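Dumped run_0.csv below, it's CSV, C-alpha atoms and all ligand atoms:
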```csv
chain,number,residue,atom,x,y,z
A,146,MET,CA,-14.9,-153.4,96.4
A,147,ASP,CA,-12.2,-152.7,93.8
A,148,ASN,CA,-9.9,-155.7,93.7
A,149,THR,CA,-8.1,-154.6,90.6
A,150,ARG,CA,-5.6,-152.6,92.6
A,151,ASP,CA,-4.4,-155.8,94.3
A,152,ALA,CA,-3.2,-157.1,91.0
A,153,VAL,CA,-1.4,-154.0,89.9
A,154,VAL,CA,2.4,-153.9,90.5
A,155,SER,CA,3.3,-151.2,92.9
A,156,PRO,CA,5.3,-148.3,91.5
A,157,LEU,CA,6.9,-147.6,94.9
A,158,PRO,CA,10.1,-149.5,94.3
A,159,LEU,CA,10.7,-147.3,91.3
A,160,MET,CA,10.5,-144.2,93.5
A,161,GLN,CA,13.0,-145.8,95.9
A,162,LEU,CA,15.4,-146.6,93.0
A,163,SER,CA,15.0,-143.1,91.5
A,164,ILE,CA,15.8,-141.3,94.7
A,165,GLY,CA,18.8,-143.5,95.5
A,166,PHE,CA,21.2,-140.6,94.6
A,167,TRP,CA,19.4,-138.2,97.0
A,168,SER,CA,20.3,-140.5,99.9
A,169,PHE,CA,23.9,-140.7,98.7
A,170,LYS,CA,24.2,-137.0,98.2
A,171,ALA,CA,22.7,-136.3,101.7
A,172,LEU,CA,25.3,-138.6,103.2
A,173,ALA,CA,28.2,-137.1,101.1
A,174,SER,CA,27.2,-133.5,101.9
A,175,ALA,CA,26.7,-134.1,105.6
A,176,HIS,CA,30.1,-135.7,105.7
A,177,GLU,CA,31.7,-132.9,103.7
A,178,LEU,CA,30.2,-130.2,105.9
A,179,GLY,CA,31.5,-132.0,109.0
A,180,LEU,CA,28.1,-132.8,110.5
A,181,PHE,CA,29.0,-136.1,111.9
A,182,ALA,CA,32.3,-134.8,113.4
A,183,CYS,CA,30.4,-131.9,114.9
A,184,LEU,CA,27.9,-134.2,116.6
A,185,SER,CA,30.4,-136.8,117.7
A,186,GLY,CA,30.7,-137.3,121.5
A,187,THR,CA,28.0,-134.7,122.2
A,188,ASP,CA,24.5,-135.0,123.7
A,189,GLY,CA,23.3,-133.7,120.4
A,190,HIS,CA,22.5,-130.3,118.9
A,191,THR,CA,19.4,-128.5,117.8
A,192,VAL,CA,19.0,-127.2,114.3
A,193,ASP,CA,19.9,-123.7,115.4
A,194,GLN,CA,23.0,-124.8,117.2
A,195,LEU,CA,24.1,-126.9,114.2
A,196,ALA,CA,23.5,-123.9,111.9
A,197,GLU,CA,25.9,-121.8,114.0
A,198,LEU,CA,28.5,-124.6,114.4
A,199,LEU,CA,28.5,-125.4,110.6
A,200,GLY,CA,28.2,-121.8,109.5
A,201,VAL,CA,25.2,-122.2,107.3
A,202,ASP,CA,21.5,-121.2,107.5
A,203,ALA,CA,19.0,-123.0,109.7
A,204,ARG,CA,16.7,-124.0,106.8
A,205,PRO,CA,19.2,-126.1,104.8
A,206,VAL,CA,20.4,-127.6,108.1
A,207,GLU,CA,16.9,-128.7,109.1
A,208,LEU,CA,16.4,-130.3,105.7
A,209,LEU,CA,19.7,-132.0,105.7
A,210,VAL,CA,19.4,-133.4,109.2
A,211,THR,CA,15.8,-134.6,108.6
A,212,ALA,CA,17.0,-136.4,105.4
A,213,CYS,CA,20.0,-137.9,107.3
A,214,ALA,CA,17.7,-139.1,110.1
A,215,SER,CA,15.3,-140.6,107.5
A,216,VAL,CA,18.1,-142.8,106.2
A,217,GLY,CA,19.5,-143.9,109.5
A,218,LEU,CA,22.5,-141.6,109.9
A,219,LEU,CA,21.0,-139.4,112.7
A,220,GLU,CA,18.6,-139.8,115.5
A,221,ARG,CA,16.5,-137.2,117.3
A,222,ARG,CA,16.3,-137.1,121.1
A,223,ASP,CA,14.6,-134.4,123.1
A,224,GLY,CA,14.6,-132.0,120.1
A,225,ARG,CA,18.3,-132.5,119.5
A,226,TYR,CA,20.0,-134.5,116.7
A,227,VAL,CA,22.6,-137.1,117.6
A,228,ASN,CA,24.7,-139.4,115.4
A,229,SER,CA,23.2,-142.9,114.9
A,230,ALA,CA,25.5,-145.7,116.0
A,231,LEU,CA,26.4,-146.2,112.3
A,232,ALA,CA,27.4,-142.6,111.8
A,233,GLU,CA,29.3,-142.4,115.1
A,234,GLU,CA,31.3,-145.6,114.3
A,235,PHE,CA,32.1,-145.0,110.6
A,236,LEU,CA,31.6,-141.4,109.6
A,237,VAL,CA,33.6,-139.5,112.2
A,238,PRO,CA,37.1,-138.6,110.8
A,239,GLY,CA,39.9,-140.0,112.9
A,240,LYS,CA,38.1,-143.1,114.0
A,241,ALA,CA,39.8,-146.4,113.3
A,242,PHE,CA,37.2,-147.6,110.8
A,243,HIS,CA,36.4,-144.2,109.3
A,244,PHE,CA,34.5,-144.8,106.0
A,245,GLY,CA,34.5,-141.2,104.9
A,246,GLY,CA,37.4,-141.7,102.4
A,247,TRP,CA,35.2,-144.0,100.3
A,248,VAL,CA,32.2,-141.6,100.5
A,249,ARG,CA,34.4,-138.7,99.4
A,250,MET,CA,35.9,-140.6,96.4
A,251,LEU,CA,32.5,-141.6,95.2
A,252,ASP,CA,31.2,-138.1,95.5
A,253,ARG,CA,34.2,-136.4,93.8
A,254,ARG,CA,35.2,-138.9,91.3
A,255,LEU,CA,32.6,-141.6,90.6
A,256,TYR,CA,29.4,-139.5,90.9
A,257,PRO,CA,30.4,-137.4,87.9
A,258,ALA,CA,31.7,-140.4,86.0
A,259,TRP,CA,28.4,-142.3,86.6
A,260,GLY,CA,26.6,-139.2,85.2
A,261,ARG,CA,28.0,-140.4,81.9
A,262,LEU,CA,27.0,-144.1,82.4
A,263,THR,CA,24.9,-144.2,79.2
A,264,GLU,CA,28.0,-143.0,77.2
A,265,ALA,CA,30.1,-145.8,78.9
A,266,VAL,CA,27.5,-148.4,77.9
A,267,ARG,CA,27.3,-147.1,74.3
A,268,THR,CA,31.1,-146.8,73.8
A,269,ASN,CA,32.3,-149.6,76.0
A,270,ARG,CA,34.9,-147.1,77.4
A,271,PRO,CA,35.5,-145.9,80.9
A,272,THR,CA,34.3,-142.4,81.9
A,273,SER,CA,36.2,-141.8,85.1
A,274,TRP,CA,39.4,-141.1,83.2
A,275,ASP,CA,40.3,-140.3,79.6
A,276,PRO,CA,41.2,-143.5,77.7
A,277,ASP,CA,42.8,-141.3,74.9
A,278,LYS,CA,45.3,-140.0,77.4
A,279,GLN,CA,45.9,-142.9,79.9
A,280,ALA,CA,46.5,-146.6,79.3
A,281,HIS,CA,44.4,-147.5,82.3
A,282,LEU,CA,43.0,-146.2,85.5
A,283,PHE,CA,46.2,-146.6,87.4
A,284,ASP,CA,48.4,-144.9,84.7
A,285,SER,CA,48.3,-141.6,86.5
A,286,GLU,CA,50.5,-139.7,88.9
A,287,ASP,CA,47.9,-137.0,89.5
A,288,PRO,CA,48.4,-136.2,93.3
A,289,GLU,CA,44.7,-135.5,93.8
A,290,LEU,CA,43.7,-138.9,92.3
A,291,LEU,CA,46.4,-140.6,94.4
A,292,ALA,CA,45.1,-139.0,97.6
A,293,LEU,CA,41.4,-139.6,96.8
A,294,PHE,CA,41.5,-143.1,95.4
A,295,TRP,CA,43.8,-144.8,97.9
A,296,GLU,CA,42.2,-143.1,100.9
A,297,ALA,CA,38.9,-144.5,99.6
A,298,MET,CA,40.4,-148.0,99.1
A,299,HIS,CA,41.9,-147.8,102.6
A,300,ALA,CA,38.6,-147.1,104.2
A,301,LEU,CA,36.8,-149.8,102.3
A,302,SER,CA,39.6,-152.4,102.6
A,303,THR,CA,40.2,-151.9,106.3
A,304,LEU,CA,36.7,-153.0,107.0
A,305,THR,CA,36.8,-155.8,104.4
A,306,ALA,CA,40.1,-157.2,105.7
A,307,ARG,CA,38.6,-157.4,109.2
A,308,GLU,CA,35.9,-159.8,107.9
A,309,LEU,CA,38.2,-161.7,105.6
A,310,GLY,CA,40.7,-162.3,108.4
A,311,ALA,CA,37.8,-163.9,110.4
A,312,TYR,CA,36.8,-166.3,107.6
A,313,VAL,CA,40.1,-167.2,106.0
A,314,ASP,CA,42.4,-168.8,108.6
A,315,LEU,CA,46.0,-167.5,108.1
A,316,SER,CA,47.3,-168.8,111.4
A,317,ASP,CA,49.6,-171.3,109.6
A,318,SER,CA,50.9,-168.7,107.0
A,319,THR,CA,54.1,-166.8,107.6
A,320,ALA,CA,54.6,-164.5,104.6
A,321,LEU,CA,51.8,-162.8,102.7
A,322,LEU,CA,52.4,-161.3,99.2
A,323,ASP,CA,49.6,-158.7,98.6
A,324,ILE,CA,49.5,-158.2,94.9
A,325,GLY,CA,48.3,-154.6,94.1
A,326,GLY,CA,48.1,-154.2,97.8
A,327,GLY,CA,47.4,-150.5,97.6
A,328,SER,CA,47.6,-148.7,100.9
A,329,GLY,CA,48.3,-151.9,102.8
A,330,ALA,CA,45.0,-152.0,104.5
A,331,TYR,CA,44.7,-155.8,104.3
A,332,ASP,CA,48.2,-156.3,105.4
A,333,ILE,CA,47.8,-154.0,108.5
A,334,GLU,CA,44.5,-155.8,109.5
A,335,LEU,CA,45.8,-159.3,108.8
A,336,CYS,CA,49.1,-158.8,110.6
A,337,ARG,CA,47.2,-157.4,113.6
A,338,ARG,CA,45.0,-160.5,113.7
A,339,TYR,CA,47.8,-163.0,113.0
A,340,PRO,CA,50.9,-162.1,115.1
A,341,SER,CA,53.3,-164.4,113.3
A,342,LEU,CA,52.4,-163.1,109.8
A,343,ARG,CA,54.7,-160.8,107.8
A,344,ALA,CA,53.6,-159.2,104.6
A,345,THR,CA,54.8,-157.5,101.4
A,346,VAL,CA,52.7,-154.9,99.6
A,347,PHE,CA,53.5,-155.2,95.9
A,348,ASP,CA,52.2,-152.2,93.9
A,349,LEU,CA,53.2,-149.4,91.5
A,350,PRO,CA,55.9,-147.1,92.9
A,351,PRO,CA,53.8,-144.0,93.8
A,352,VAL,CA,51.3,-146.3,95.6
A,353,CYS,CA,54.1,-148.0,97.6
A,354,GLU,CA,54.9,-144.5,98.9
A,355,ILE,CA,51.3,-144.1,100.2
A,356,ALA,CA,51.5,-147.6,101.7
A,357,SER,CA,54.8,-146.8,103.5
A,358,THR,CA,53.2,-143.9,105.2
A,359,LYS,CA,50.2,-146.0,106.4
A,360,LEU,CA,52.5,-148.8,107.6
A,361,VAL,CA,54.6,-146.4,109.7
A,362,ALA,CA,51.4,-144.8,111.1
A,363,ALA,CA,50.1,-148.3,112.0
A,364,GLY,CA,53.5,-149.1,113.7
A,365,LEU,CA,53.8,-152.2,111.5
A,366,ASP,CA,56.7,-151.2,109.2
A,367,ASP,CA,58.9,-153.8,110.9
A,368,ARG,CA,56.6,-156.6,109.7
A,369,ILE,CA,55.2,-155.2,106.5
A,370,VAL,CA,57.4,-154.1,103.7
A,371,VAL,CA,56.7,-152.6,100.3
A,372,ALA,CA,57.9,-153.9,96.9
A,373,PRO,CA,57.4,-151.5,94.1
A,374,GLY,CA,56.7,-153.2,90.8
A,375,ASP,CA,54.2,-153.8,88.0
A,376,PHE,CA,52.3,-157.1,87.7
A,377,LEU,CA,51.5,-156.4,84.0
A,378,GLU,CA,55.0,-155.6,82.9
A,379,TYR,CA,57.1,-157.8,85.2
A,380,ALA,CA,57.7,-161.4,84.1
A,381,GLU,CA,57.9,-162.6,87.7
A,382,LEU,CA,56.5,-161.6,91.0
A,383,PRO,CA,58.6,-161.6,94.3
A,384,THR,CA,59.1,-165.0,95.8
A,385,GLY,CA,59.6,-166.1,99.5
A,386,HIS,CA,55.9,-166.0,100.4
A,387,ASP,CA,53.5,-168.8,101.3
A,388,VAL,CA,50.3,-167.0,100.6
A,389,VAL,CA,49.3,-164.6,97.8
A,390,LEU,CA,46.4,-162.2,98.2
A,391,LEU,CA,44.5,-160.5,95.3
A,392,SER,CA,41.9,-158.1,96.7
A,393,MET,CA,39.9,-156.1,94.1
A,394,ILE,CA,42.6,-156.8,91.5
A,395,MET,CA,40.9,-159.3,89.2
A,396,HIS,CA,37.8,-157.1,88.6
A,397,ASP,CA,40.0,-154.4,87.1
A,398,TRP,CA,41.2,-156.5,84.2
A,399,THR,CA,40.1,-158.8,81.3
A,400,PRO,CA,40.0,-162.6,81.7
A,401,GLU,CA,43.2,-162.9,79.6
A,402,GLN,CA,45.0,-160.4,81.8
A,403,ASP,CA,43.7,-162.1,84.9
A,404,LEU,CA,44.9,-165.5,83.8
A,405,ALA,CA,48.3,-164.1,83.1
A,406,ILE,CA,48.4,-162.6,86.7
A,407,LEU,CA,47.3,-165.9,88.1
A,408,ARG,CA,50.1,-167.7,86.3
A,409,LYS,CA,52.6,-165.3,87.8
A,410,CYS,CA,51.1,-165.9,91.3
A,411,PHE,CA,51.4,-169.7,90.7
A,412,ALA,CA,55.0,-169.4,89.7
A,413,ALA,CA,55.9,-167.1,92.7
A,414,LEU,CA,54.4,-169.6,95.3
A,415,PRO,CA,56.2,-172.6,96.7
A,416,SER,CA,54.5,-176.0,96.7
A,417,GLY,CA,51.7,-175.9,99.3
A,418,GLY,CA,51.4,-172.1,98.9
A,419,ARG,CA,48.0,-170.6,99.0
A,420,ILE,CA,46.1,-168.0,96.9
A,421,VAL,CA,43.2,-165.9,98.2
A,422,ILE,CA,41.0,-163.9,95.8
A,423,SER,CA,38.9,-161.4,97.7
A,424,GLU,CA,36.1,-159.7,95.7
A,425,LEU,CA,32.4,-158.8,95.5
A,426,LEU,CA,31.4,-162.0,93.7
A,427,VAL,CA,28.6,-161.9,91.2
A,428,ASN,CA,26.3,-164.9,91.6
A,429,ASP,CA,26.5,-167.7,89.0
A,430,GLU,CA,23.0,-166.7,87.6
A,431,LYS,CA,24.3,-163.1,87.0
A,432,THR,CA,21.3,-161.6,88.8
A,433,GLY,CA,23.1,-160.0,91.8
A,434,PRO,CA,23.7,-159.5,94.6
A,435,PRO,CA,23.3,-155.7,94.2
A,436,ALA,CA,26.6,-154.6,95.7
A,437,ALA,CA,28.5,-157.0,93.4
A,438,ALA,CA,26.4,-156.4,90.3
A,439,LEU,CA,26.7,-152.6,90.7
A,440,MET,CA,30.4,-152.8,91.5
A,441,SER,CA,30.7,-154.7,88.2
A,442,LEU,CA,28.9,-151.9,86.4
A,443,ASN,CA,31.3,-149.5,88.1
A,444,MET,CA,34.1,-151.4,86.4
A,445,LEU,CA,32.6,-150.3,83.1
A,446,VAL,CA,33.0,-146.7,84.2
A,447,GLU,CA,36.5,-147.3,85.7
A,448,THR,CA,38.3,-150.2,84.0
A,449,VAL,CA,38.4,-152.9,81.3
A,450,GLY,CA,37.2,-155.5,83.7
A,451,ARG,CA,34.1,-156.6,85.5
A,452,ASN,CA,33.1,-158.4,88.7
A,453,TYR,CA,33.4,-162.1,88.0
A,454,THR,CA,31.6,-165.1,89.5
A,455,ALA,CA,33.1,-167.6,91.9
A,456,ALA,CA,32.6,-170.3,89.2
A,457,GLU,CA,34.7,-168.2,86.8
A,458,TYR,CA,37.5,-167.8,89.4
A,459,GLU,CA,37.4,-171.4,90.3
A,460,GLN,CA,37.8,-172.5,86.7
A,461,TRP,CA,40.7,-170.0,86.1
A,462,LEU,CA,42.5,-171.3,89.2
A,463,GLU,CA,42.1,-174.9,88.1
A,464,VAL,CA,43.3,-174.1,84.6
A,465,THR,CA,46.3,-172.4,86.2
A,466,GLY,CA,47.2,-175.5,88.1
A,467,PHE,CA,45.9,-174.7,91.6
A,468,VAL,CA,44.0,-177.5,93.6
A,469,ASP,CA,41.7,-177.6,96.6
A,470,VAL,CA,39.7,-174.7,95.1
A,471,GLN,CA,36.9,-173.5,97.3
A,472,THR,CA,34.9,-170.3,97.9
A,473,VAL,CA,34.0,-168.9,101.4
A,474,SER,CA,31.2,-166.4,101.8
A,475,PHE,CA,31.1,-163.5,104.2
A,476,GLU,CA,29.6,-160.0,104.2
A,477,ALA,CA,31.9,-156.9,104.0
A,478,PRO,CA,31.8,-153.6,102.2
A,479,GLY,CA,34.5,-154.6,99.6
A,480,ALA,CA,33.9,-158.3,99.3
A,481,ASN,CA,31.2,-160.9,99.8
A,482,GLY,CA,33.5,-163.9,99.6
A,483,ALA,CA,37.0,-165.2,98.9
A,484,VAL,CA,38.0,-167.9,96.4
A,485,LEU,CA,40.9,-170.0,97.9
A,486,ALA,CA,43.2,-172.5,96.4
A,487,ARG,CA,46.6,-174.2,96.9
A,488,LYS,CA,49.6,-174.9,94.7
A,489,PRO,CA,50.2,-178.7,94.7
A,501,LIG,C1,41.2,-151.5,93.3
A,501,LIG,S1,42.8,-151.3,93.9
A,501,LIG,C2,42.9,-152.5,95.2
A,501,LIG,C3,43.9,-152.2,96.3
A,501,LIG,C4,44.0,-153.2,97.4
A,501,LIG,N1,44.3,-154.6,96.9
A,501,LIG,C5,42.8,-153.2,98.2
A,501,LIG,O1,41.9,-154.1,98.1
A,501,LIG,O2,42.6,-152.3,99.0
A,501,LIG,C6,43.8,-151.9,92.7
A,501,LIG,C7,45.3,-151.8,93.0
A,501,LIG,O3,46.1,-152.4,92.0
A,501,LIG,C8,47.2,-151.7,91.8
A,501,LIG,N2,47.7,-151.9,90.4
A,501,LIG,C9,47.1,-151.6,89.3
A,501,LIG,N3,47.9,-151.9,88.2
A,501,LIG,C10,49.0,-152.5,88.8
A,501,LIG,C11,50.2,-153.0,88.2
A,501,LIG,N4,50.3,-153.1,86.9
A,501,LIG,N5,51.2,-153.5,89.0
A,501,LIG,C12,51.0,-153.4,90.4
A,501,LIG,N6,49.9,-152.9,91.0
A,501,LIG,C13,48.9,-152.4,90.2
A,501,LIG,C14,46.7,-150.2,92.0
A,501,LIG,O4,47.8,-149.3,92.2
A,501,LIG,C15,45.8,-150.4,93.1
A,501,LIG,O5,46.4,-150.2,94.4
```
Represent the structure from my file as structure tokens, please.
Ligand SMILES: C[S@@+](CC[C@H](N)C(=O)[O-])C[C@H]1O[C@@H](n2cnc3c(N)ncnc32)[C@H](O)[C@@H]1O
Amino acid sequence: MDNTRDAVVSPLPLMQLSIGFWSFKALASAHELGLFACLSGTDGHTVDQLAELLGVDARPVELLVTACASVGLLERRDGRYVNSALAEEFLVPGKAFHFGGWVRMLDRRLYPAWGRLTEAVRTNRPTSWDPDKQAHLFDSEDPELLALFWEAMHALSTLTARELGAYVDLSDSTALLDIGGGSGAYDIELCRRYPSLRATVFDLPPVCEIASTKLVAAGLDDRIVVAPGDFLEYAELPTGHDVVLLSMIMHDWTPEQDLAILRKCFAALPSGGRIVISELLVNDEKTGPPAAALMSLNMLVETVGRNYTAAEYEQWLEVTGFVDVQTVSFEAPGANGAVLARKP
């Protein structure tokens, strides 16, 4: 018997890694073609029916639905394809927790930028925008970018805020200041969960316009307001809040810029006020977990920042003057934990 094979490392994980983008593109194309919307609420369709409904040939439909079924997006019953529970819940446009905005943004914006990842590593410069023409990622009023980026963030953050709200108790808080709050996804979810909470979305003026539309659509514009502003330029942040939230803000910037933002948060809070940093936290050994480590690499493509560790945040908060610093862990698409602290 040949025992040497037992000692050989399997190459199969390399195949899985190499074809990762095939899975992503199958998901993105199926979503773009409207496959999941087409199957939603039905008893399923055959390949021929789908070909007619989607207006494409049967051969590519067969290949696409087979690929989607192989990665858990579809199931096959009695010769018909149906949405899996995952696709039905999160990939059908119009549903409360539709994740398609995130998929679309990755496909249109980040997929081409990641095609130039080696260049980003060699030059230490982002590739999703032109650093010779823009000061940073958010220094743009391009309407397509506005629509794509914040729709993506809204999809990601709605799901993340739902988890954060379950793990971080805000029942004693009355006024939340959401720094760089984007579309207001966190504010909407947290105000729904905590009926006595009010919130302010602080963000750049064009983004506040996007947030306003979302707040009206959610029927929460009486409890959540927008405050246009710039946390890099402004010396002070709005006051009158007892909790400050920084969700996916710190990873956009350098440690020096982050410390400056934290100092402004500290100054804006009253004694006893709390701060919540929600992020995909890289582990202290800097070996993972994959979502955080890869989001960190995404920050090379997109920003001057990176995804930091809980220990780094804890140290920065203590240096800034915060006390009772602690980290809670949870699992969500846009965060795996939150670092919490209090102003003495
Ligand atoms: C990665 S997004 C996170 C959005 C939101 N916190 C969330 O988790 O859904 C970063 C946000 O920071 C905002 N931002 C960037 N620079 C800013 C600045 N100088 N002042 C205020 N907001 C800024 C962006 O407009 C964007 O909405």
Long-range neighbours of Ala214 (chain A) as a ChimeraX atom specification, 10 Å cut-off, all atoms listed in the file, 5 positions minimum in chain
/A:208-209,219-221,226-229
Atom-to-atom span, CA of Ile355 (chain A) and CA of Asp287 (chain A), Å:
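According to the coordinates, CA of Ile355 (chain A) and CA of Asp287 (chain A) are separated by 13.3 Å.
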Would you list the residues that come within 7 Å of ligand LIG 501 (chain A)? Count all atoms listed in the file and give the answer as number ranges by chain.
A: 283, 295, 298-299, 302, 323-331, 347-349, 352, 374-378, 391-394, 397
Shell around Thr191 (chain A) at 6 Å using all atoms listed in the file, local window under 2 positions removed, as a list of chain:residue names:
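Final neighbour list, sorted by chain and number: A:Asp193, A:Gln194, A:Arg225.
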Residue contacts of Leu439 (chain A) (10 Å, all atoms listed in the file) excluding same-chain residues fewer than 3 positions away, as an NGL selection string:
:A and (425 or 427 or 433-436 or 442-445 or 451-452)
I need the residue nearest Val361 (chain A) from this list: A:Ala280, A:Ser273, A:Ala292, A:Ile333. Use only C-alpha atoms for the distance.
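Smallest separation from Val361 (chain A) among the options: A:Ile333.
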For Ala477 (chain A): contacts at 10 Å, only C-alpha atoms, fewer than 3 positions along chain excluded, given as a list in words:
Leu301, Ser302, Thr303, Leu304, Thr305, Ala306, Arg307, Glu308, Leu309, Glu424, Leu425, Ser474, Ala480, Asn481 and Gly482 of chain A
If I take CA of Leu157 (chain A) and CA of Ala438 (chain A), how far is one from the other in Å, to one decimal?
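Calculated distance between CA of Leu157 (chain A) and CA of Ala438 (chain A) is 21.9 Å.
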Closest to Ala241 (chain A) among A:Ala300, A:Gln471, A:Ala483, A:Ile406, using only C-alpha atoms?
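Residue with the minimum atom-to-atom distance to Ala241 (chain A): A:Ala300.
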Neighbours of Ala412 (chain A) within 10 Å (all atoms listed in the file; same-chain residues fewer than 6 positions away dropped), as a list in words?
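Near neighbours after the sequence-gap exclusion: Glu381, Leu382, Pro383, Thr384, Ile406, Thr465 and Lys488 of chain A.
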Measuring atom to atom with only C-alpha atoms, identify which of A:Lys409, A:His386, A:Lys240, A:Lys431 is nearest to Thr319 (chain A).
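Answer, going by the shortest atom-to-atom distance: A:His386.
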Name the residues, using the chain letters and numbers of the file, that sit within 10 Å of (56.0, -163.1, 109.9) when counting only C-alpha atoms, and give them as JSON, numbers by chain.
{"A": [318, 319, 320, 321, 336, 339, 340, 341, 342, 343, 344, 367, 368, 369, 386]}
Could you check which of A:Val201, A:Glu401, A:Asp332, A:Arg338 is closest to Ser357 (chain A), using only C-alpha atoms?
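Closest to Ser357 (chain A) of all the choices is A:Asp332.
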I'd like the interatomic distance between CA of Ala456 (chain A) and CA of His396 (chain A), to a tenth of an Å.
14.2 Å
Counting all atoms listed in the file, the residue of A:Thr472, A:Gln460, A:Ser174, A:Thr211 that sits nearest Leu251 (chain A)
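Ranked by minimum distance to Leu251 (chain A), first place goes to A:Ser174.
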